[in-house]
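Remarks on the structure that follows.
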Amino acid sequence: MKTVYSADQELHDVRLEVTSGDARPPYESPARSRAVFNSIRAAALGDVVEPDKFPLEPILAVHSQAYVEFLQRAWGLWVEECGTELDAIPYCFPHRGLRQVEPRNIEGKLGYYSFDLSAAIGEGTWRGVRASANAALTATNLVITGEQAAFALCRPPGHHAGRDIMGGYCYINNAAVAAQSLRDNGFERVAILDVDYHHGNGTQSIFYDRADVLFVSIHGDPEDEYPHFSGYACETGEGQGAGCNINYPLPLGTTDWECYSGVLEDAIGNISTFAADALVVSLGLDTFAGDPIARFKLQTKDYSQMGAAIAAAELPTVFVLEGGYAIDRLGENVLNVLRGFEL
Ligand SMILES: [Zn+2]
């Protein structure tokens with residue numbers, strides 16, 4: 001299986017996230033993608049190729065023009081107002097009862113286009129984000145042109161980003177870009193399987209009223225876990241998309257492979273019932289027992305079985321890297337999924 005990756009993705013390198021009462025260096029860092037890249041090269045999984053260049057159109061197919069323009073301009077506007085010493089992080093949000101408008105001021109704009117304090121913007125953010133999306137598009141093109149599967153080593157991740165909102169380390173929704181690109185290139189029904197520990201709220205919101213894209217997510221119960229306000233089992237889609245959104249919230253602390261594998265089997269069964277003709281996997285590895293910010297109990301060996309279970313769907317498949325913060329085991333865990341899929 002080919003991997004798509006560019007070192008430009010490491011240009012996104014911000015200094016802070018604010019979570020759980022603490023301002024600290026983000027768990028989501030360039031060291032993540034470098035670790036996965038090194039593991040894949042060392043294991044000789046397959047060729048590692050640079051992303052092709054793409055116009056903005058495939059990104060604008062799932063994100064609003066105003067939001068993408070904001071992402072492009074945000075750092076420059078921030079520097080004019082606040083200088084280069086600190087990264088751009090919002091502090092005020094248009095919550096219920098407040099006016100839904102995009103203010104003139106950059107700190108206002110940051111609040112307007114964010115849902116949390118975990119998606120800072122730095123000098124290299126747009127270039128890194130764009131390279132990550134191009135990796136997803138290049139992997140998708142490999143599948144469009146006949147490869148059975150490809151791995152987009154995306155970083156920063158994407159599944160928390162909505163049509164016009166960033167958060168949770170995510171700016172452009174790489175998996176959504178990939179799924180829409182499959183739809184626009186001859187695949188009639190596309191399924192997205194999100195196995196990241198956190199609910200893929202952004203991906204769900206982008207396709208929530210669509211009947212041609214099935215979104216299936218297995219994640220920590222939002223009653224107890226980030227992103228808290230999305231990912232409940234009762235969220236099943238709306239309008240033409242009614243029934244095309246399936247959430248499996250699972251208990252924190254006790255979810256091991258024995259529990260997880262049955263749920264994954266059910267999810268794959270739903271993808272088969274949907275009669276998808278292509279699959280995008282939002283591949284988060286923060287389900288790992290050693291992950292510093294998550295509370296499932298999957299072990300490194302379990303990821304081989306996860307790959308095999310995904311292969312049972314027998315679909316052309318684009319793997320898109322999402323989360324996973326146990327950096328010393330991240331590469332091995334990714335490899336096990338991809339090799340398990342190929343066996
Ligand atoms: Zn996650």
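To be explicit about the labels: the chains of the structure tokens are called A, B, and onward in the order shown, and within each one the residues are counted from 1, while ligands get numbers from 1 in the order they are shown.
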Surroundings of ligand 1 up to 9 Å, based on only C-alpha atoms and all ligand atoms, as a CSV table (one decimal) with N, CA, C and O atoms, in the first residue's frame:
chain,number,residue,atom,x,y,z
A,157,PRO,N,-4.7,16.5,11.8
A,157,PRO,CA,-5.9,15.7,11.4
A,157,PRO,C,-7.1,16.6,11.0
A,157,PRO,O,-6.9,17.8,10.9
A,159,HIS,N,-11.0,15.4,11.4
A,159,HIS,CA,-12.4,15.0,11.6
A,159,HIS,C,-13.2,15.8,12.5
A,159,HIS,O,-14.4,15.7,12.5
A,160,HIS,N,-12.6,16.7,13.3
A,160,HIS,CA,-13.4,17.6,14.1
A,160,HIS,C,-13.8,18.9,13.3
A,160,HIS,O,-14.6,19.7,13.8
A,168,GLY,N,-10.3,21.1,18.0
A,168,GLY,CA,-9.8,19.8,18.2
A,168,GLY,C,-8.6,19.4,17.3
A,168,GLY,O,-8.6,18.3,16.8
A,195,VAL,N,-12.8,5.6,13.3
A,195,VAL,CA,-12.4,4.8,14.4
A,195,VAL,C,-11.5,5.5,15.4
A,195,VAL,O,-10.9,4.9,16.3
A,196,ASP,N,-11.4,6.8,15.2
A,196,ASP,CA,-10.7,7.7,16.2
A,196,ASP,C,-11.5,7.6,17.6
A,196,ASP,O,-12.7,7.4,17.6
A,197,TYR,N,-10.8,7.7,18.6
A,197,TYR,CA,-11.4,7.6,20.0
A,197,TYR,C,-12.4,8.7,20.2
A,197,TYR,O,-13.4,8.5,21.0
A,198,HIS,N,-12.2,9.8,19.6
A,198,HIS,CA,-13.2,11.0,19.7
A,198,HIS,C,-14.2,11.0,18.6
A,198,HIS,O,-13.8,10.7,17.4
A,199,HIS,N,-15.4,11.4,18.9
A,199,HIS,CA,-16.4,11.5,17.8
A,199,HIS,C,-16.0,12.4,16.7
A,199,HIS,O,-15.5,13.6,17.0
A,200,GLY,N,-16.2,12.0,15.5
A,200,GLY,CA,-15.9,12.9,14.3
A,200,GLY,C,-17.0,13.9,14.0
A,200,GLY,O,-17.7,13.8,13.0
A,219,HIS,N,-16.7,5.6,19.2
A,219,HIS,CA,-15.9,6.6,20.0
A,219,HIS,C,-16.3,6.5,21.4
A,219,HIS,O,-17.3,6.0,21.8
A,226,TYR,N,-14.8,14.4,25.3
A,226,TYR,CA,-14.7,15.3,24.2
A,226,TYR,C,-15.2,14.6,22.9
A,226,TYR,O,-14.8,13.5,22.7
A,284,GLY,N,-7.9,7.0,13.6
A,284,GLY,CA,-7.3,7.6,14.8
A,284,GLY,C,-6.8,6.4,15.6
A,284,GLY,O,-7.5,5.4,15.7
A,285,LEU,N,-5.6,6.6,16.2
A,285,LEU,CA,-5.0,5.5,17.0
A,285,LEU,C,-5.1,5.9,18.5
A,285,LEU,O,-4.4,5.2,19.3
A,286,ASP,N,-5.9,6.8,18.9
A,286,ASP,CA,-6.0,7.2,20.3
A,286,ASP,C,-6.9,6.3,21.1
A,286,ASP,O,-7.2,6.5,22.2
A,287,THR,N,-7.4,5.2,20.4
A,287,THR,CA,-8.1,4.1,21.2
A,287,THR,C,-7.1,3.2,21.9
A,287,THR,O,-7.5,2.3,22.7
A,293,ILE,N,-4.3,11.0,26.2
A,293,ILE,CA,-5.5,11.8,26.4
A,293,ILE,C,-6.8,11.0,26.2
A,293,ILE,O,-7.9,11.6,26.0
A,294,ALA,N,-6.8,9.7,26.2
A,294,ALA,CA,-7.9,8.9,25.9
A,294,ALA,C,-8.0,7.7,26.8
A,294,ALA,O,-7.1,7.4,27.5
A,322,GLU,N,-6.0,10.3,11.6
A,322,GLU,CA,-6.6,11.3,12.5
A,322,GLU,C,-5.7,11.4,13.7
A,322,GLU,O,-4.6,11.8,13.6
A,323,GLY,N,-6.3,11.1,14.9
A,323,GLY,CA,-5.5,11.3,16.2
A,323,GLY,C,-4.7,10.1,16.5
A,323,GLY,O,-4.5,9.2,15.8
A,324,GLY,N,-4.2,10.2,17.8
A,324,GLY,CA,-3.2,9.2,18.3
A,324,GLY,C,-2.0,9.9,18.8
A,324,GLY,O,-1.3,10.5,18.1
A,325,TYR,N,-1.8,9.8,20.2
A,325,TYR,CA,-0.9,10.7,20.8
A,325,TYR,C,0.2,10.0,21.6
A,325,TYR,O,1.0,10.6,22.3
- So which residues touch Arg130 of chain A within 10 Å, counting only C-alpha atoms, skipping near sequence neighbours fewer than 2 positions away, as an MDAnalysis selection string? chainID A and resid 8:9 12 53:54 56 59 71:72 125:128 132:136 155:156 171:172 174
- Item | For segment 326-343 of chain A: contacts at 7 Å, only C-alpha atoms, fewer than 6 positions along chain excluded, given as a list in words | Arg32, Ala35, Val36, Ser39, Ile40, Leu285, Gly290, Asp291, Pro292, Thr300, Tyr303, Ser304, Gln305, Met306, Gly307, Ala308, Ile310 and Ala311 of chain A
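Put simply, atom CA of Thr203 of chain A is 6.0 Å away from atom CA of Ala176 of chain A.
The smallest atom-to-atom distance between Ala267 of chain A and any of A:Ala313, A:Leu142, A:Val280, A:Val129, using only C-alpha atoms, is found for A:Ala313.
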- Message: What's around Ile218 of chain A at 7 Å? Count only C-alpha atoms, leave out sequence neighbours fewer than 6 positions away in its own chain, and write the answer as a VMD selection string.
- Response: chain A and resid 194 to 195 247 to 249
Write out, as a CSV table (one decimal), in the first residue's frame, the residues just selected, with all heavy atoms.
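Contents of the output file result_27.csv:
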chain,number,residue,atom,x,y,z
A,194,ASP,N,-15.2,6.0,11.0
A,194,ASP,CA,-14.3,6.8,11.9
A,194,ASP,C,-14.0,6.0,13.2
A,194,ASP,O,-14.9,5.8,14.0
A,194,ASP,CB,-15.0,8.2,12.3
A,194,ASP,CG,-14.1,9.2,13.0
A,194,ASP,OD1,-13.3,8.7,13.8
A,194,ASP,OD2,-14.3,10.4,12.7
A,195,VAL,N,-12.8,5.6,13.3
A,195,VAL,CA,-12.4,4.8,14.4
A,195,VAL,C,-11.5,5.5,15.4
A,195,VAL,O,-10.9,4.9,16.3
A,195,VAL,CB,-11.7,3.4,14.0
A,195,VAL,CG1,-12.6,2.6,13.2
A,195,VAL,CG2,-10.4,3.7,13.2
A,247,ASN,N,-23.8,6.4,15.1
A,247,ASN,CA,-22.9,6.6,16.2
A,247,ASN,C,-22.9,5.4,17.2
A,247,ASN,O,-24.0,5.0,17.6
A,247,ASN,CB,-23.2,7.9,16.9
A,247,ASN,CG,-22.7,9.1,16.1
A,247,ASN,OD1,-21.7,9.1,15.4
A,247,ASN,ND2,-23.5,10.2,16.2
A,248,TYR,N,-21.7,5.0,17.5
A,248,TYR,CA,-21.5,3.9,18.6
A,248,TYR,C,-20.7,4.5,19.7
A,248,TYR,O,-19.5,4.4,19.8
A,248,TYR,CB,-20.8,2.7,18.0
A,248,TYR,CG,-21.4,2.0,16.9
A,248,TYR,CD1,-21.2,2.3,15.6
A,248,TYR,CD2,-22.2,0.9,17.2
A,248,TYR,CE1,-21.7,1.5,14.6
A,248,TYR,CE2,-22.8,0.1,16.2
A,248,TYR,CZ,-22.5,0.4,14.9
A,248,TYR,OH,-23.1,-0.3,13.9
A,249,PRO,N,-21.4,5.2,20.6
A,249,PRO,CA,-20.7,5.7,21.8
A,249,PRO,C,-20.4,4.6,22.8
A,249,PRO,O,-21.3,3.8,23.1
A,249,PRO,CB,-21.7,6.7,22.4
A,249,PRO,CG,-23.0,6.4,21.9
A,249,PRO,CD,-22.8,5.6,20.6
- Message: Just to confirm, what's the straight-line distance from atom CA of Arg24 of chain A to atom CA of Ala119 of chain A in Å (one decimal)?
- Response: 12.7 Å
- Message: Residues within 12 Å of Glu57 of chain A, please, as a list of chain:residue names. Count only C-alpha atoms; anything in the same chain fewer than 2 positions from it doesn't count.
- Response: A:Lys53, A:Phe54, A:Pro55, A:Ile59, A:Leu60, A:Ala61, A:Val62, A:His63, A:Ser64, A:Gln65, A:Val68, A:Ala133, A:Asn134, A:Leu137, A:Val177, A:Gln180, A:Ser181, A:Asp184
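Take atom CA of Ala152 of chain A and atom CA of Thr3 of chain A: the distance between them is 5.9 Å.
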- Task: Compare A:Phe70, A:Glu123, A:Leu117, A:Gly76 by their minimum atom-to-atom distance to Glu102 of chain A, counting only C-alpha atoms, and give me the closest one.
- Result: A:Phe70
- Message: I'd like the neighbourhood of segment 41-50 of chain A as a PyMOL selection string, where a residue qualifies if any of its atoms comes within 6 Å (using only C-alpha atoms), though same-chain residues fewer than 4 positions away should be ignored.
- Response: chain A and resi 1-6
Pull N, CA and C atoms from the residues just selected and write them as an mmCIF file, in the first residue's frame.
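For reference, again-v6.cif as written:
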data_model
loop_
_atom_site.group_PDB
_atom_site.id
_atom_site.type_symbol
_atom_site.label_atom_id
_atom_site.label_comp_id
_atom_site.auth_asym_id
_atom_site.auth_seq_id
_atom_site.Cartn_x
_atom_site.Cartn_y
_atom_site.Cartn_z
ATOM 1 N N MET A 1 0.848 -1.198 0.000
ATOM 2 C CA MET A 1 0.000 0.000 0.000
ATOM 3 C C MET A 1 0.886 1.252 0.000
ATOM 4 N N LYS A 2 0.537 2.210 -0.871
ATOM 5 C CA LYS A 2 1.309 3.457 -0.909
ATOM 6 C C LYS A 2 0.878 4.396 0.222
ATOM 7 N N THR A 3 1.849 5.154 0.702
ATOM 8 C CA THR A 3 1.609 6.190 1.706
ATOM 9 C C THR A 3 1.860 7.543 1.056
ATOM 10 N N VAL A 4 1.027 8.522 1.375
ATOM 11 C CA VAL A 4 1.228 9.875 0.852
ATOM 12 C C VAL A 4 1.552 10.800 2.015
ATOM 13 N N TYR A 5 2.670 11.515 1.870
ATOM 14 C CA TYR A 5 3.128 12.358 2.976
ATOM 15 C C TYR A 5 4.061 13.439 2.449
ATOM 16 N N SER A 6 3.973 14.613 3.046
ATOM 17 C CA SER A 6 4.891 15.696 2.734
ATOM 18 C C SER A 6 5.427 16.298 4.034
#
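Nearest-residue note for Gly146 of chain A: choosing from A:Gly231, A:Gly21, A:Gly269, A:Gly186, the minimum distance belongs to A:Gly186, counting only C-alpha atoms.
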- Message: So that I can check the secondary structure, give me every residue of segment 138-315 of chain A assigned alpha helix (DSSP H) by backbone DSSP, as a PyMOL selection string.
- Response: chain A and resi 138-144+174-183+201-207+257-274+302-311
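For segment 65-197 of chain A, a DSSP pass over the backbone yields strand (DSSP E) at A:Ala149, A:Ala150, A:Phe151, A:Ala152, A:Val190, A:Ala191, A:Ile192, A:Leu193, A:Asp194.
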Take the residues just selected and output them with all heavy atoms as a short mmCIF file (atom, residue, chain, number, x, y, z; two decimals), in the first residue's frame.
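Here's the written file selection38.cif:
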data_model
loop_
_atom_site.label_atom_id
_atom_site.label_comp_id
_atom_site.auth_asym_id
_atom_site.auth_seq_id
_atom_site.Cartn_x
_atom_site.Cartn_y
_atom_site.Cartn_z
N ALA A 149 -6.19 0.26 -2.14
CA ALA A 149 -6.15 1.07 -0.91
C ALA A 149 -4.95 2.00 -0.95
O ALA A 149 -3.97 1.74 -1.67
CB ALA A 149 -6.08 0.17 0.32
N ALA A 150 -5.02 3.08 -0.18
CA ALA A 150 -3.89 4.00 -0.03
C ALA A 150 -3.99 4.64 1.34
O ALA A 150 -5.08 4.76 1.92
CB ALA A 150 -3.91 5.05 -1.13
N PHE A 151 -2.83 5.06 1.85
CA PHE A 151 -2.78 5.67 3.18
C PHE A 151 -2.34 7.12 3.08
O PHE A 151 -1.22 7.41 2.64
CB PHE A 151 -1.80 4.89 4.08
CG PHE A 151 -1.57 5.53 5.42
CD1 PHE A 151 -2.62 6.00 6.20
CD2 PHE A 151 -0.28 5.65 5.92
CE1 PHE A 151 -2.40 6.58 7.44
CE2 PHE A 151 -0.04 6.23 7.17
CZ PHE A 151 -1.11 6.70 7.92
N ALA A 152 -3.24 8.02 3.48
CA ALA A 152 -2.90 9.44 3.57
C ALA A 152 -2.38 9.70 4.98
O ALA A 152 -3.15 9.65 5.95
CB ALA A 152 -4.13 10.29 3.29
N VAL A 190 -20.56 6.39 -0.83
CA VAL A 190 -19.30 6.35 -0.08
C VAL A 190 -19.59 6.23 1.41
O VAL A 190 -20.48 6.92 1.94
CB VAL A 190 -18.47 7.63 -0.36
CG1 VAL A 190 -17.21 7.66 0.50
CG2 VAL A 190 -18.11 7.72 -1.84
N ALA A 191 -18.88 5.34 2.07
CA ALA A 191 -19.00 5.22 3.53
C ALA A 191 -17.74 5.77 4.18
O ALA A 191 -16.64 5.63 3.65
CB ALA A 191 -19.18 3.75 3.93
N ILE A 192 -17.92 6.43 5.31
CA ILE A 192 -16.80 6.88 6.13
C ILE A 192 -16.89 6.14 7.47
O ILE A 192 -17.91 6.23 8.16
CB ILE A 192 -16.84 8.40 6.39
CG1 ILE A 192 -16.86 9.17 5.07
CG2 ILE A 192 -15.65 8.83 7.25
CD1 ILE A 192 -17.12 10.66 5.24
N LEU A 193 -15.83 5.41 7.80
CA LEU A 193 -15.75 4.73 9.09
C LEU A 193 -14.74 5.49 9.94
O LEU A 193 -13.56 5.57 9.59
CB LEU A 193 -15.30 3.27 8.89
CG LEU A 193 -15.01 2.49 10.18
CD1 LEU A 193 -16.28 2.31 11.01
CD2 LEU A 193 -14.37 1.15 9.85
N ASP A 194 -15.20 6.04 11.04
CA ASP A 194 -14.33 6.84 11.92
C ASP A 194 -14.02 6.04 13.17
O ASP A 194 -14.90 5.83 14.01
CB ASP A 194 -15.04 8.16 12.26
CG ASP A 194 -14.12 9.16 12.97
OD1 ASP A 194 -13.27 8.71 13.77
OD2 ASP A 194 -14.26 10.37 12.74
#
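Residues surrounding Ile268 of chain A within 9 Å are A:Leu193, A:Val216, A:Val263, A:Leu264, A:Glu265, A:Ile271, A:Ser272, A:Thr273, A:Ala309, A:Ile310, A:Ala312, A:Ala313 [only C-alpha atoms; sequence separation below 3 positions excluded].
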Can I get the selection written as a tab-separated table (two decimals), in the first residue's frame, with N, CA, C and O atoms?
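Result file is result31.tsv:
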chain	number	residue	atom	x	y	z
A	193	LEU	N	-15.83	5.41	7.80
A	193	LEU	CA	-15.75	4.73	9.09
A	193	LEU	C	-14.74	5.49	9.94
A	193	LEU	O	-13.56	5.57	9.59
A	216	VAL	N	-20.16	6.51	9.86
A	216	VAL	CA	-20.24	5.57	10.98
A	216	VAL	C	-19.06	5.84	11.92
A	216	VAL	O	-17.91	5.86	11.48
A	263	VAL	N	-18.53	-4.42	18.10
A	263	VAL	CA	-19.10	-3.16	17.61
A	263	VAL	C	-18.57	-2.86	16.20
A	263	VAL	O	-19.33	-2.45	15.31
A	264	LEU	N	-17.28	-3.09	16.00
A	264	LEU	CA	-16.68	-2.85	14.68
A	264	LEU	C	-17.32	-3.76	13.63
A	264	LEU	O	-17.62	-3.32	12.51
A	265	GLU	N	-17.56	-5.00	14.02
A	265	GLU	CA	-18.21	-5.93	13.10
A	265	GLU	C	-19.60	-5.43	12.71
A	265	GLU	O	-20.00	-5.48	11.54
A	271	ILE	N	-22.11	-0.84	6.88
A	271	ILE	CA	-21.50	-0.30	5.65
A	271	ILE	C	-21.86	-1.20	4.47
A	271	ILE	O	-22.18	-0.73	3.37
A	272	SER	N	-21.87	-2.51	4.68
A	272	SER	CA	-22.27	-3.44	3.62
A	272	SER	C	-23.74	-3.27	3.27
A	272	SER	O	-24.10	-3.25	2.09
A	273	THR	N	-24.58	-3.11	4.28
A	273	THR	CA	-26.02	-2.92	4.04
A	273	THR	C	-26.27	-1.65	3.23
A	273	THR	O	-27.15	-1.61	2.37
A	309	ALA	N	-10.56	-6.62	9.98
A	309	ALA	CA	-12.02	-6.42	10.04
A	309	ALA	C	-12.45	-5.39	8.99
A	309	ALA	O	-13.50	-5.53	8.35
A	310	ILE	N	-11.64	-4.35	8.80
A	310	ILE	CA	-11.97	-3.33	7.80
A	310	ILE	C	-11.87	-3.91	6.39
A	310	ILE	O	-12.70	-3.62	5.51
A	312	ALA	N	-12.62	-6.78	5.53
A	312	ALA	CA	-13.78	-7.64	5.26
A	312	ALA	C	-14.90	-6.89	4.54
A	312	ALA	O	-15.79	-7.51	3.95
A	313	ALA	N	-14.86	-5.56	4.57
A	313	ALA	CA	-15.86	-4.79	3.82
A	313	ALA	C	-15.63	-4.92	2.31
A	313	ALA	O	-16.54	-4.65	1.52
- With distances taken over only C-alpha atoms, which of A:Tyr91, A:Tyr169, A:Tyr113, A:Phe187 is nearest to Ile144 of chain A? A:Phe187
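Counting only C-alpha atoms, the residue from A:Cys234, A:Leu279, A:Val101, A:Leu110 that sits nearest to Glu188 of chain A is A:Leu279.
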- Message: My list of candidates is A:Asp209, A:Glu80, A:Glu258, A:Asp221. Which is closest to Gly237 of chain A when distances are computed with only C-alpha atoms?
- Response: A:Asp209
